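Next up, structure-v4.txt (compact mmCIF, N, CA and C atoms):
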```
# COMPACT_ATOMS: atom_id res chain seq x y z
N MET H 399 -53.40 16.21 10.80
CA MET H 399 -54.62 16.42 11.53
C MET H 399 -55.01 15.10 12.18
N THR H 400 -55.52 15.18 13.39
CA THR H 400 -55.95 14.00 14.13
C THR H 400 -57.34 14.24 14.68
N TYR H 401 -58.20 13.27 14.52
CA TYR H 401 -59.55 13.34 15.09
C TYR H 401 -59.62 12.45 16.31
N ARG H 402 -60.45 12.83 17.25
CA ARG H 402 -60.66 12.02 18.46
C ARG H 402 -62.13 11.59 18.49
N LEU H 403 -62.34 10.33 18.74
CA LEU H 403 -63.69 9.78 18.84
C LEU H 403 -63.77 8.98 20.13
N ASP H 404 -64.52 9.48 21.08
CA ASP H 404 -64.66 8.84 22.39
C ASP H 404 -63.30 8.55 23.03
N GLY H 405 -62.38 9.54 22.94
CA GLY H 405 -61.07 9.40 23.57
C GLY H 405 -60.07 8.61 22.75
N VAL H 406 -60.47 8.05 21.62
CA VAL H 406 -59.57 7.27 20.76
C VAL H 406 -59.04 8.18 19.66
N VAL H 407 -57.73 8.16 19.45
CA VAL H 407 -57.11 8.97 18.40
C VAL H 407 -57.25 8.22 17.08
N ILE H 408 -57.79 8.91 16.09
CA ILE H 408 -57.95 8.32 14.76
C ILE H 408 -57.07 9.11 13.80
N PRO H 409 -55.95 8.53 13.33
CA PRO H 409 -55.11 9.26 12.38
C PRO H 409 -55.81 9.41 11.04
N THR H 410 -55.64 10.56 10.44
CA THR H 410 -56.29 10.83 9.15
C THR H 410 -55.39 10.50 7.97
N GLY H 411 -54.14 10.27 8.24
CA GLY H 411 -53.20 10.03 7.15
C GLY H 411 -52.39 11.27 6.82
N PHE H 412 -52.91 12.44 7.18
CA PHE H 412 -52.20 13.68 6.89
C PHE H 412 -51.13 13.98 7.93
N ASP H 413 -51.21 13.31 9.07
CA ASP H 413 -50.26 13.57 10.14
C ASP H 413 -49.13 12.54 10.18
N VAL H 414 -49.11 11.64 9.21
CA VAL H 414 -48.09 10.61 9.15
C VAL H 414 -46.93 11.13 8.30
N PRO H 415 -45.71 11.19 8.87
CA PRO H 415 -44.59 11.68 8.07
C PRO H 415 -44.31 10.75 6.89
N VAL H 416 -43.96 11.34 5.79
CA VAL H 416 -43.67 10.58 4.57
C VAL H 416 -42.17 10.66 4.31
N GLU H 417 -41.55 9.52 4.16
CA GLU H 417 -40.13 9.45 3.89
C GLU H 417 -39.87 9.63 2.39
N PRO H 418 -38.79 10.31 2.04
CA PRO H 418 -38.44 10.39 0.62
C PRO H 418 -38.12 9.00 0.07
N LEU H 419 -38.25 8.86 -1.22
CA LEU H 419 -37.86 7.62 -1.88
C LEU H 419 -36.33 7.58 -1.92
N ARG H 420 -35.76 6.45 -1.54
CA ARG H 420 -34.30 6.31 -1.52
C ARG H 420 -33.89 5.01 -2.20
N ARG H 421 -32.86 5.09 -3.01
CA ARG H 421 -32.28 3.91 -3.64
C ARG H 421 -30.77 4.13 -3.76
N ALA H 422 -30.03 3.05 -3.73
CA ALA H 422 -28.57 3.13 -3.89
C ALA H 422 -28.11 1.99 -4.78
N ALA H 423 -27.04 2.22 -5.50
CA ALA H 423 -26.44 1.20 -6.37
C ALA H 423 -24.93 1.24 -6.17
N HIS H 424 -24.34 0.07 -6.21
CA HIS H 424 -22.90 -0.10 -6.04
C HIS H 424 -22.30 -0.41 -7.41
N PHE H 425 -21.23 0.28 -7.75
CA PHE H 425 -20.56 0.07 -9.04
C PHE H 425 -19.10 -0.26 -8.80
N THR H 426 -18.58 -1.15 -9.61
CA THR H 426 -17.21 -1.62 -9.44
C THR H 426 -16.20 -0.85 -10.29
N GLY H 427 -16.68 -0.11 -11.27
CA GLY H 427 -15.77 0.58 -12.18
C GLY H 427 -15.55 -0.20 -13.47
N GLU H 428 -16.24 -1.31 -13.62
CA GLU H 428 -16.12 -2.09 -14.86
C GLU H 428 -16.71 -1.29 -16.02
N PRO H 429 -16.30 -1.58 -17.25
CA PRO H 429 -16.88 -0.88 -18.41
C PRO H 429 -18.40 -0.99 -18.40
N GLY H 430 -19.05 0.10 -18.73
CA GLY H 430 -20.51 0.14 -18.77
C GLY H 430 -21.16 0.69 -17.52
N CYS H 431 -20.37 0.93 -16.46
CA CYS H 431 -20.95 1.40 -15.19
C CYS H 431 -21.60 2.77 -15.32
N ILE H 432 -21.03 3.64 -16.12
CA ILE H 432 -21.59 4.98 -16.25
C ILE H 432 -22.96 4.91 -16.92
N ALA H 433 -23.07 4.12 -17.96
CA ALA H 433 -24.37 3.92 -18.61
C ALA H 433 -25.36 3.25 -17.66
N GLU H 434 -24.89 2.28 -16.88
CA GLU H 434 -25.76 1.62 -15.90
C GLU H 434 -26.27 2.61 -14.85
N SER H 435 -25.42 3.55 -14.45
CA SER H 435 -25.83 4.53 -13.45
C SER H 435 -26.92 5.44 -14.01
N ARG H 436 -26.82 5.81 -15.28
CA ARG H 436 -27.88 6.63 -15.90
C ARG H 436 -29.18 5.84 -15.99
N HIS H 437 -29.08 4.57 -16.33
CA HIS H 437 -30.27 3.72 -16.40
C HIS H 437 -30.91 3.59 -15.02
N PHE H 438 -30.10 3.41 -13.99
CA PHE H 438 -30.58 3.33 -12.61
C PHE H 438 -31.32 4.62 -12.24
N ALA H 439 -30.75 5.77 -12.61
CA ALA H 439 -31.38 7.06 -12.31
C ALA H 439 -32.69 7.23 -13.09
N ALA H 440 -32.72 6.80 -14.34
CA ALA H 440 -33.96 6.89 -15.13
C ALA H 440 -35.07 6.05 -14.50
N GLN H 441 -34.72 4.86 -14.02
CA GLN H 441 -35.70 4.02 -13.34
C GLN H 441 -36.18 4.68 -12.04
N PHE H 442 -35.28 5.33 -11.34
CA PHE H 442 -35.63 6.03 -10.11
C PHE H 442 -36.62 7.16 -10.42
N LEU H 443 -36.37 7.91 -11.49
CA LEU H 443 -37.29 8.98 -11.87
C LEU H 443 -38.67 8.43 -12.19
N ASP H 444 -38.73 7.30 -12.89
CA ASP H 444 -40.02 6.66 -13.16
C ASP H 444 -40.73 6.28 -11.87
N GLN H 445 -39.96 5.78 -10.91
CA GLN H 445 -40.54 5.40 -9.63
C GLN H 445 -41.05 6.64 -8.88
N LEU H 446 -40.34 7.76 -8.98
CA LEU H 446 -40.82 9.00 -8.36
C LEU H 446 -42.13 9.45 -9.00
N ARG H 447 -42.21 9.30 -10.31
CA ARG H 447 -43.45 9.67 -11.01
C ARG H 447 -44.62 8.83 -10.50
N THR H 448 -44.37 7.55 -10.30
CA THR H 448 -45.42 6.63 -9.87
C THR H 448 -45.76 6.78 -8.39
N GLU H 449 -44.75 6.74 -7.54
CA GLU H 449 -44.99 6.70 -6.09
C GLU H 449 -45.19 8.07 -5.46
N TRP H 450 -44.62 9.11 -6.05
CA TRP H 450 -44.75 10.45 -5.49
C TRP H 450 -45.60 11.36 -6.38
N CYS H 451 -46.10 10.82 -7.49
CA CYS H 451 -46.87 11.62 -8.45
C CYS H 451 -46.07 12.83 -8.90
N ALA H 452 -44.77 12.65 -9.03
CA ALA H 452 -43.88 13.75 -9.42
C ALA H 452 -44.07 14.06 -10.89
N THR H 453 -44.16 15.35 -11.18
CA THR H 453 -44.21 15.82 -12.57
C THR H 453 -42.79 16.24 -12.93
N ILE H 454 -42.14 15.43 -13.72
CA ILE H 454 -40.75 15.67 -14.08
C ILE H 454 -40.68 15.86 -15.58
N ASP H 455 -40.38 17.08 -16.01
CA ASP H 455 -40.34 17.34 -17.45
C ASP H 455 -38.99 16.89 -18.03
N ALA H 456 -38.89 16.99 -19.33
CA ALA H 456 -37.69 16.51 -20.03
C ALA H 456 -36.44 17.27 -19.59
N LYS H 457 -36.59 18.57 -19.31
CA LYS H 457 -35.43 19.38 -18.89
C LYS H 457 -34.90 18.90 -17.53
N ALA H 458 -35.80 18.68 -16.57
CA ALA H 458 -35.37 18.20 -15.25
C ALA H 458 -34.79 16.79 -15.35
N GLU H 459 -35.41 15.94 -16.15
CA GLU H 459 -34.89 14.58 -16.32
C GLU H 459 -33.49 14.63 -16.93
N GLY H 460 -33.31 15.46 -17.93
CA GLY H 460 -31.99 15.60 -18.55
C GLY H 460 -30.95 16.10 -17.57
N ALA H 461 -31.34 17.04 -16.71
CA ALA H 461 -30.42 17.57 -15.69
C ALA H 461 -30.00 16.46 -14.73
N VAL H 462 -30.97 15.68 -14.27
CA VAL H 462 -30.65 14.58 -13.35
C VAL H 462 -29.69 13.59 -14.00
N LEU H 463 -29.99 13.17 -15.22
CA LEU H 463 -29.15 12.18 -15.88
C LEU H 463 -27.75 12.71 -16.15
N LEU H 464 -27.64 14.00 -16.48
CA LEU H 464 -26.32 14.59 -16.73
C LEU H 464 -25.53 14.71 -15.42
N VAL H 465 -26.18 15.11 -14.33
CA VAL H 465 -25.49 15.20 -13.04
C VAL H 465 -25.01 13.81 -12.60
N VAL H 466 -25.87 12.81 -12.73
CA VAL H 466 -25.47 11.44 -12.39
C VAL H 466 -24.27 11.03 -13.23
N SER H 467 -24.34 11.28 -14.52
CA SER H 467 -23.25 10.90 -15.42
C SER H 467 -21.94 11.59 -15.05
N GLU H 468 -22.00 12.89 -14.77
CA GLU H 468 -20.78 13.63 -14.42
C GLU H 468 -20.19 13.15 -13.10
N LEU H 469 -21.03 12.98 -12.08
CA LEU H 469 -20.50 12.58 -10.77
C LEU H 469 -19.96 11.15 -10.79
N VAL H 470 -20.66 10.26 -11.47
CA VAL H 470 -20.18 8.87 -11.56
C VAL H 470 -18.91 8.80 -12.41
N THR H 471 -18.85 9.57 -13.47
CA THR H 471 -17.64 9.61 -14.30
C THR H 471 -16.44 10.08 -13.48
N ASN H 472 -16.65 11.13 -12.67
CA ASN H 472 -15.55 11.62 -11.82
C ASN H 472 -15.10 10.55 -10.83
N ALA H 473 -16.07 9.86 -10.21
CA ALA H 473 -15.71 8.80 -9.26
C ALA H 473 -14.97 7.68 -9.97
N ASP H 474 -15.41 7.34 -11.16
CA ASP H 474 -14.79 6.28 -11.94
C ASP H 474 -13.34 6.64 -12.30
N ARG H 475 -13.11 7.88 -12.68
CA ARG H 475 -11.79 8.30 -13.12
C ARG H 475 -10.81 8.54 -11.97
N HIS H 476 -11.32 9.00 -10.83
CA HIS H 476 -10.42 9.49 -9.79
C HIS H 476 -10.34 8.62 -8.54
N SER H 477 -11.04 7.50 -8.51
CA SER H 477 -10.93 6.64 -7.33
C SER H 477 -10.33 5.30 -7.72
N ASP H 478 -9.74 4.65 -6.74
CA ASP H 478 -9.10 3.35 -6.99
C ASP H 478 -9.98 2.19 -6.56
N GLY H 479 -11.23 2.44 -6.38
CA GLY H 479 -12.08 1.36 -5.91
C GLY H 479 -13.52 1.56 -6.34
N PRO H 480 -14.38 0.79 -5.76
CA PRO H 480 -15.79 0.89 -6.12
C PRO H 480 -16.38 2.22 -5.65
N TYR H 481 -17.54 2.54 -6.17
CA TYR H 481 -18.24 3.75 -5.76
C TYR H 481 -19.72 3.44 -5.65
N ILE H 482 -20.40 4.31 -4.92
CA ILE H 482 -21.82 4.13 -4.65
C ILE H 482 -22.57 5.35 -5.15
N LEU H 483 -23.67 5.10 -5.85
CA LEU H 483 -24.59 6.15 -6.28
C LEU H 483 -25.82 6.04 -5.39
N GLU H 484 -26.16 7.14 -4.74
CA GLU H 484 -27.32 7.16 -3.85
C GLU H 484 -28.27 8.25 -4.34
N LEU H 485 -29.54 7.89 -4.51
CA LEU H 485 -30.56 8.84 -4.96
C LEU H 485 -31.63 8.95 -3.89
N GLU H 486 -32.08 10.17 -3.65
CA GLU H 486 -33.16 10.42 -2.70
C GLU H 486 -34.05 11.49 -3.31
N GLY H 487 -35.36 11.22 -3.37
CA GLY H 487 -36.21 12.19 -4.02
C GLY H 487 -37.62 12.26 -3.48
N THR H 488 -38.25 13.38 -3.82
CA THR H 488 -39.67 13.61 -3.53
C THR H 488 -40.28 14.12 -4.84
N ASP H 489 -41.46 14.70 -4.74
CA ASP H 489 -42.08 15.24 -5.94
C ASP H 489 -41.45 16.56 -6.39
N THR H 490 -40.60 17.18 -5.56
CA THR H 490 -40.03 18.48 -5.91
C THR H 490 -38.52 18.50 -6.06
N THR H 491 -37.81 17.60 -5.38
CA THR H 491 -36.34 17.62 -5.45
C THR H 491 -35.77 16.21 -5.53
N LEU H 492 -34.58 16.14 -6.06
CA LEU H 492 -33.84 14.88 -6.11
C LEU H 492 -32.40 15.17 -5.69
N THR H 493 -31.90 14.37 -4.77
CA THR H 493 -30.52 14.50 -4.32
C THR H 493 -29.72 13.34 -4.90
N VAL H 494 -28.63 13.68 -5.56
CA VAL H 494 -27.70 12.70 -6.12
C VAL H 494 -26.45 12.75 -5.25
N ALA H 495 -26.05 11.62 -4.71
CA ALA H 495 -24.82 11.56 -3.92
C ALA H 495 -23.97 10.41 -4.46
N VAL H 496 -22.70 10.68 -4.63
CA VAL H 496 -21.76 9.65 -5.07
C VAL H 496 -20.63 9.57 -4.05
N TYR H 497 -20.43 8.37 -3.55
CA TYR H 497 -19.36 8.08 -2.59
C TYR H 497 -18.27 7.34 -3.34
N ASP H 498 -17.01 7.75 -3.12
CA ASP H 498 -15.90 6.98 -3.69
C ASP H 498 -14.78 6.88 -2.68
N SER H 499 -13.77 6.09 -2.98
CA SER H 499 -12.71 5.77 -2.03
C SER H 499 -11.56 6.76 -2.02
N ASN H 500 -11.59 7.77 -2.87
CA ASN H 500 -10.52 8.75 -2.92
C ASN H 500 -10.89 9.93 -2.02
N GLY H 501 -10.09 10.19 -0.98
CA GLY H 501 -10.38 11.26 -0.04
C GLY H 501 -10.01 12.65 -0.52
N THR H 502 -9.37 12.75 -1.69
CA THR H 502 -9.00 14.06 -2.23
C THR H 502 -10.24 14.76 -2.75
N LEU H 503 -10.50 15.96 -2.22
CA LEU H 503 -11.67 16.70 -2.65
C LEU H 503 -11.43 17.29 -4.04
N PRO H 504 -12.46 17.31 -4.88
CA PRO H 504 -12.28 17.84 -6.24
C PRO H 504 -12.06 19.35 -6.20
N ARG H 505 -11.30 19.82 -7.17
CA ARG H 505 -11.04 21.25 -7.30
C ARG H 505 -12.08 21.84 -8.24
N VAL H 506 -12.51 23.03 -7.91
CA VAL H 506 -13.42 23.76 -8.79
C VAL H 506 -12.57 24.78 -9.53
N PHE H 507 -12.55 24.66 -10.84
CA PHE H 507 -11.74 25.55 -11.65
C PHE H 507 -12.59 26.75 -12.09
N PRO H 508 -11.96 27.91 -12.29
CA PRO H 508 -12.73 29.04 -12.82
C PRO H 508 -13.19 28.74 -14.23
N ARG H 509 -14.27 29.39 -14.62
CA ARG H 509 -14.78 29.18 -15.99
C ARG H 509 -13.70 29.52 -16.99
N ASP H 510 -13.52 28.63 -17.94
CA ASP H 510 -12.52 28.85 -18.99
C ASP H 510 -12.95 28.05 -20.21
N PRO H 511 -13.58 28.72 -21.19
CA PRO H 511 -14.04 28.01 -22.39
C PRO H 511 -12.90 27.38 -23.19
N GLN H 512 -11.66 27.85 -22.96
CA GLN H 512 -10.51 27.31 -23.68
C GLN H 512 -9.99 26.02 -23.07
N ARG H 513 -10.35 25.76 -21.81
CA ARG H 513 -9.85 24.57 -21.12
C ARG H 513 -10.51 23.32 -21.71
N VAL H 514 -9.71 22.31 -21.95
CA VAL H 514 -10.22 21.04 -22.44
C VAL H 514 -10.37 20.12 -21.23
N GLY H 515 -11.59 19.66 -20.98
CA GLY H 515 -11.84 18.77 -19.85
C GLY H 515 -11.95 19.52 -18.54
N ARG H 516 -12.18 18.75 -17.48
CA ARG H 516 -12.32 19.27 -16.12
C ARG H 516 -13.50 20.24 -15.97
N HIS H 517 -14.56 19.99 -16.71
CA HIS H 517 -15.75 20.84 -16.60
C HIS H 517 -16.88 20.14 -15.84
N GLY H 518 -16.66 18.91 -15.37
CA GLY H 518 -17.72 18.12 -14.75
C GLY H 518 -18.39 18.80 -13.58
N LEU H 519 -17.60 19.24 -12.61
CA LEU H 519 -18.18 19.87 -11.43
C LEU H 519 -18.80 21.22 -11.79
N GLU H 520 -18.23 21.89 -12.75
CA GLU H 520 -18.79 23.16 -13.24
C GLU H 520 -20.19 22.92 -13.82
N ILE H 521 -20.35 21.85 -14.57
CA ILE H 521 -21.65 21.49 -15.14
C ILE H 521 -22.64 21.15 -14.03
N VAL H 522 -22.20 20.36 -13.07
CA VAL H 522 -23.06 19.98 -11.95
C VAL H 522 -23.51 21.22 -11.19
N ARG H 523 -22.61 22.14 -10.93
CA ARG H 523 -22.96 23.37 -10.20
C ARG H 523 -23.97 24.22 -10.98
N ALA H 524 -23.90 24.18 -12.31
CA ALA H 524 -24.84 24.94 -13.13
C ALA H 524 -26.24 24.32 -13.10
N LEU H 525 -26.33 23.02 -12.94
CA LEU H 525 -27.62 22.33 -12.99
C LEU H 525 -28.29 22.14 -11.64
N ALA H 526 -27.51 22.15 -10.57
CA ALA H 526 -28.04 21.85 -9.24
C ALA H 526 -28.24 23.14 -8.45
N ARG H 527 -29.21 23.10 -7.52
CA ARG H 527 -29.40 24.28 -6.67
C ARG H 527 -28.42 24.29 -5.51
N ASP H 528 -27.86 23.12 -5.20
CA ASP H 528 -26.89 23.03 -4.10
C ASP H 528 -25.93 21.89 -4.42
N VAL H 529 -24.65 22.14 -4.21
CA VAL H 529 -23.62 21.11 -4.41
C VAL H 529 -22.72 21.12 -3.17
N GLY H 530 -22.45 19.94 -2.64
CA GLY H 530 -21.57 19.84 -1.49
C GLY H 530 -20.59 18.71 -1.66
N VAL H 531 -19.42 18.89 -1.09
CA VAL H 531 -18.37 17.87 -1.14
C VAL H 531 -17.83 17.74 0.28
N GLU H 532 -17.70 16.49 0.74
CA GLU H 532 -17.16 16.28 2.08
C GLU H 532 -16.41 14.97 2.15
N ARG H 533 -15.45 14.96 3.04
CA ARG H 533 -14.75 13.70 3.31
C ARG H 533 -15.64 12.84 4.19
N VAL H 534 -15.62 11.55 3.92
CA VAL H 534 -16.32 10.56 4.74
C VAL H 534 -15.29 9.49 5.09
N PRO H 535 -15.58 8.62 6.07
CA PRO H 535 -14.57 7.64 6.49
C PRO H 535 -13.99 6.79 5.36
N VAL H 536 -14.75 6.56 4.31
CA VAL H 536 -14.25 5.71 3.23
C VAL H 536 -13.64 6.49 2.08
N GLY H 537 -13.68 7.81 2.12
CA GLY H 537 -13.17 8.62 1.02
C GLY H 537 -13.87 9.97 0.99
N LYS H 538 -14.77 10.14 0.03
CA LYS H 538 -15.51 11.40 -0.06
C LYS H 538 -16.91 11.15 -0.59
N ARG H 539 -17.76 12.16 -0.38
CA ARG H 539 -19.12 12.17 -0.92
C ARG H 539 -19.31 13.49 -1.64
N VAL H 540 -19.81 13.39 -2.87
CA VAL H 540 -20.20 14.58 -3.63
C VAL H 540 -21.69 14.50 -3.78
N ARG H 541 -22.39 15.59 -3.41
CA ARG H 541 -23.83 15.59 -3.35
C ARG H 541 -24.36 16.80 -4.11
N ALA H 542 -25.39 16.58 -4.91
CA ALA H 542 -26.04 17.66 -5.66
C ALA H 542 -27.56 17.54 -5.49
N VAL H 543 -28.19 18.67 -5.21
CA VAL H 543 -29.64 18.72 -5.06
C VAL H 543 -30.22 19.41 -6.29
N ILE H 544 -31.16 18.73 -6.95
CA ILE H 544 -31.73 19.22 -8.21
C ILE H 544 -33.22 19.47 -8.01
N ASP H 545 -33.68 20.66 -8.44
CA ASP H 545 -35.11 20.96 -8.42
C ASP H 545 -35.77 20.24 -9.57
N LEU H 546 -36.87 19.56 -9.29
CA LEU H 546 -37.61 18.85 -10.33
C LEU H 546 -38.79 19.68 -10.85
N THR H 547 -39.04 20.80 -10.21
CA THR H 547 -40.23 21.60 -10.53
C THR H 547 -39.92 22.73 -11.51
N GLY H 548 -38.71 22.80 -11.99
CA GLY H 548 -38.36 23.85 -12.93
C GLY H 548 -38.01 25.17 -12.26
N GLY H 549 -37.89 25.16 -10.93
CA GLY H 549 -37.60 26.40 -10.19
C GLY H 549 -36.22 26.70 -10.03
```
Render the structure in this file as structure tokens.
Amino acid sequence: MTYRLDGVVIPTGFDVPVEPLRRAAHFTGEPGCIAESRHFAAQFLDQLRTEWCATIDAKAEGAVLLVVSELVTNADRHSDGPYILELEGTDTTLTVAVYDSNGTLPRVFPRDPQRVGRHGLEIVRALARDVGVERVPVGKRVRAVIDLTGG
């Protein structure tokens, strides 16, 4: 909404677009990177609570940390180089994106409780409302969008 006073436009603050909170971290693959990525995500959630007044319950927080852990673990295991964790969020959603140097897209296996391992992407798909995988010039990006509102 904009008010006009004697021909002068006075912004009310409601008409100013608000950018999502964005943070990124670079990991080398050294021991401890997966735990560091979860810590980075937990700090990001705290920042969303403060800056966006986001109400994030324990279930949503657990989903975010598990998705981060699974995607970073996959990048750590399947790429020959560093990887980047990128987080973008508002009060209702959080997008987790992991970039790595391996251009091979991950395979999604059918559900099989007997299979040992290879459940990471299956877990991510169960927790996220949207999951996408694409090749990028440096390798690939795996992206998951998580609802923070319990929806």
Using DSSP secondary structure from the backbone, list all strand (DSSP E or B) positions within range 450-537 of chain H, as JSON, numbers by chain. {"H": [481, 482, 483, 484, 485, 486, 487, 491, 492, 493, 494, 495, 496, 497, 498, 528, 529, 530, 531, 532, 533, 534, 537]}
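Closest approach to Leu503 in chain H from the set H:Ala526, H:Ala423, H:Ile521, H:Val531 is made by H:Val531, with distances taken over all atoms listed in the file.
Nearest to Glu417 in chain H of all the residues H:Gln445, H:Gly530, H:His517, H:Thr488 is H:Thr488, counting only N, CA and C atoms.
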Quick one: distance from atom N of Glu532 in chain H to atom N of Tyr497 in chain H in Å, one decimal?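 That distance, rounded to one decimal, is 9.6 Å.
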For CA of Ala461 in chain H and atom N of Leu525 in chain H, the interatomic separation in Å (one decimal): 7.3 Å
Can you list, as a short mmCIF file (atom, residue, chain, number, x, y, z; two decimals) with N, CA and C atoms, keeping the file's coordinate frame, all residues belonging to range 400-513 of chain H that DSSP tags as alpha helix (DSSP H)?
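Now in states.cif:
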```cif
data_model
loop_
_atom_site.label_atom_id
_atom_site.label_comp_id
_atom_site.auth_asym_id
_atom_site.auth_seq_id
_atom_site.Cartn_x
_atom_site.Cartn_y
_atom_site.Cartn_z
N CYS H 431 -20.37 0.93 -16.46
CA CYS H 431 -20.95 1.40 -15.19
C CYS H 431 -21.60 2.77 -15.32
N ILE H 432 -21.03 3.64 -16.12
CA ILE H 432 -21.59 4.98 -16.25
C ILE H 432 -22.96 4.91 -16.92
N ALA H 433 -23.07 4.12 -17.96
CA ALA H 433 -24.37 3.92 -18.61
C ALA H 433 -25.36 3.25 -17.66
N GLU H 434 -24.89 2.28 -16.88
CA GLU H 434 -25.76 1.62 -15.90
C GLU H 434 -26.27 2.61 -14.85
N SER H 435 -25.42 3.55 -14.45
CA SER H 435 -25.83 4.53 -13.45
C SER H 435 -26.92 5.44 -14.01
N ARG H 436 -26.82 5.81 -15.28
CA ARG H 436 -27.88 6.63 -15.90
C ARG H 436 -29.18 5.84 -15.99
N HIS H 437 -29.08 4.57 -16.33
CA HIS H 437 -30.27 3.72 -16.40
C HIS H 437 -30.91 3.59 -15.02
N PHE H 438 -30.10 3.41 -13.99
CA PHE H 438 -30.58 3.33 -12.61
C PHE H 438 -31.32 4.62 -12.24
N ALA H 439 -30.75 5.77 -12.61
CA ALA H 439 -31.38 7.06 -12.31
C ALA H 439 -32.69 7.23 -13.09
N ALA H 440 -32.72 6.80 -14.34
CA ALA H 440 -33.96 6.89 -15.13
C ALA H 440 -35.07 6.05 -14.50
N GLN H 441 -34.72 4.86 -14.02
CA GLN H 441 -35.70 4.02 -13.34
C GLN H 441 -36.18 4.68 -12.04
N PHE H 442 -35.28 5.33 -11.34
CA PHE H 442 -35.63 6.03 -10.11
C PHE H 442 -36.62 7.16 -10.42
N LEU H 443 -36.37 7.91 -11.49
CA LEU H 443 -37.29 8.98 -11.87
C LEU H 443 -38.67 8.43 -12.19
N ASP H 444 -38.73 7.30 -12.89
CA ASP H 444 -40.02 6.66 -13.16
C ASP H 444 -40.73 6.28 -11.87
N GLN H 445 -39.96 5.78 -10.91
CA GLN H 445 -40.54 5.40 -9.63
C GLN H 445 -41.05 6.64 -8.88
N LEU H 446 -40.34 7.76 -8.98
CA LEU H 446 -40.82 9.00 -8.36
C LEU H 446 -42.13 9.45 -9.00
N ARG H 447 -42.21 9.30 -10.31
CA ARG H 447 -43.45 9.67 -11.01
C ARG H 447 -44.62 8.83 -10.50
N THR H 448 -44.37 7.55 -10.30
CA THR H 448 -45.42 6.63 -9.87
C THR H 448 -45.76 6.78 -8.39
N GLU H 449 -44.75 6.74 -7.54
CA GLU H 449 -44.99 6.70 -6.09
C GLU H 449 -45.19 8.07 -5.46
N ALA H 456 -38.89 16.99 -19.33
CA ALA H 456 -37.69 16.51 -20.03
C ALA H 456 -36.44 17.27 -19.59
N LYS H 457 -36.59 18.57 -19.31
CA LYS H 457 -35.43 19.38 -18.89
C LYS H 457 -34.90 18.90 -17.53
N ALA H 458 -35.80 18.68 -16.57
CA ALA H 458 -35.37 18.20 -15.25
C ALA H 458 -34.79 16.79 -15.35
N GLU H 459 -35.41 15.94 -16.15
CA GLU H 459 -34.89 14.58 -16.32
C GLU H 459 -33.49 14.63 -16.93
N GLY H 460 -33.31 15.46 -17.93
CA GLY H 460 -31.99 15.60 -18.55
C GLY H 460 -30.95 16.10 -17.57
N ALA H 461 -31.34 17.04 -16.71
CA ALA H 461 -30.42 17.57 -15.69
C ALA H 461 -30.00 16.46 -14.73
N VAL H 462 -30.97 15.68 -14.27
CA VAL H 462 -30.65 14.58 -13.35
C VAL H 462 -29.69 13.59 -14.00
N LEU H 463 -29.99 13.17 -15.22
CA LEU H 463 -29.15 12.18 -15.88
C LEU H 463 -27.75 12.71 -16.15
N LEU H 464 -27.64 14.00 -16.48
CA LEU H 464 -26.32 14.59 -16.73
C LEU H 464 -25.53 14.71 -15.42
N VAL H 465 -26.18 15.11 -14.33
CA VAL H 465 -25.49 15.20 -13.04
C VAL H 465 -25.01 13.81 -12.60
N VAL H 466 -25.87 12.81 -12.73
CA VAL H 466 -25.47 11.44 -12.39
C VAL H 466 -24.27 11.03 -13.23
N SER H 467 -24.34 11.28 -14.52
CA SER H 467 -23.25 10.90 -15.42
C SER H 467 -21.94 11.59 -15.05
N GLU H 468 -22.00 12.89 -14.77
CA GLU H 468 -20.78 13.63 -14.42
C GLU H 468 -20.19 13.15 -13.10
N LEU H 469 -21.03 12.98 -12.08
CA LEU H 469 -20.50 12.58 -10.77
C LEU H 469 -19.96 11.15 -10.79
N VAL H 470 -20.66 10.26 -11.47
CA VAL H 470 -20.18 8.87 -11.56
C VAL H 470 -18.91 8.80 -12.41
N THR H 471 -18.85 9.57 -13.47
CA THR H 471 -17.64 9.61 -14.30
C THR H 471 -16.44 10.08 -13.48
N ASN H 472 -16.65 11.13 -12.67
CA ASN H 472 -15.55 11.62 -11.82
C ASN H 472 -15.10 10.55 -10.83
N ALA H 473 -16.07 9.86 -10.21
CA ALA H 473 -15.71 8.80 -9.26
C ALA H 473 -14.97 7.68 -9.97
N ASP H 474 -15.41 7.34 -11.16
CA ASP H 474 -14.79 6.28 -11.94
C ASP H 474 -13.34 6.64 -12.30
N ARG H 475 -13.11 7.88 -12.68
CA ARG H 475 -11.79 8.30 -13.12
C ARG H 475 -10.81 8.54 -11.97
N HIS H 476 -11.32 9.00 -10.83
CA HIS H 476 -10.42 9.49 -9.79
C HIS H 476 -10.34 8.62 -8.54
#
```
Name the residues in contact with Gly518 in chain H at a cut-off of 7 Å, using all atoms listed in the file, excluding same-chain residues fewer than 3 positions from it; report them as a ChimeraX atom specification. /H:468-469,515,521-523
Report, in Å with one decimal, the straight-line distance from CA of Val540 in chain H to CA of Val496 in chain H.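 Taking CA of Val540 in chain H and CA of Val496 in chain H, their separation equals 5.4 Å.
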Would you mind telling me which residue in H:Asn472, H:Tyr481, H:Val465, H:Leu446 lies nearest to Phe425 in chain H when using all atoms listed in the file?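 Ranking H:Asn472, H:Tyr481, H:Val465, H:Leu446 by distance to Phe425 in chain H, first place goes to H:Tyr481.
The list of residues with at least one atom within 7 Å of Ala439 in chain H, based on all atoms listed in the file and without residues fewer than 5 positions apart in the same chain, reads Glu434, Asp444, Val462 and Leu463 of chain H.
Taking all atoms listed in the file into account, Glu459 in chain H lies nearest to H:Ala440 out of the set H:Ala440, H:Glu428, H:Ala473, H:Arg505.
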Report as number ranges by chain all protein, DNA and RNA residues lying within 10 Å of Gly501 in chain H, evaluated on only C-alpha atoms, omitting residues in the same chain fewer than 5 positions from it. H: 476-477, 532-539
Excluding Ile454 in chain H and residues on its chain fewer than 6 positions from it, collect all residues at most 8 Å away from it, counting all atoms listed in the file, and give them as a ChimeraX atom specification. /H:443,446-447,460,489,546-548
Using only N, CA and C atoms, can you tell me which of H:Ala422, H:Leu519, H:Ile432, H:Val543 comes closest to Val470 in chain H? H:Ile432
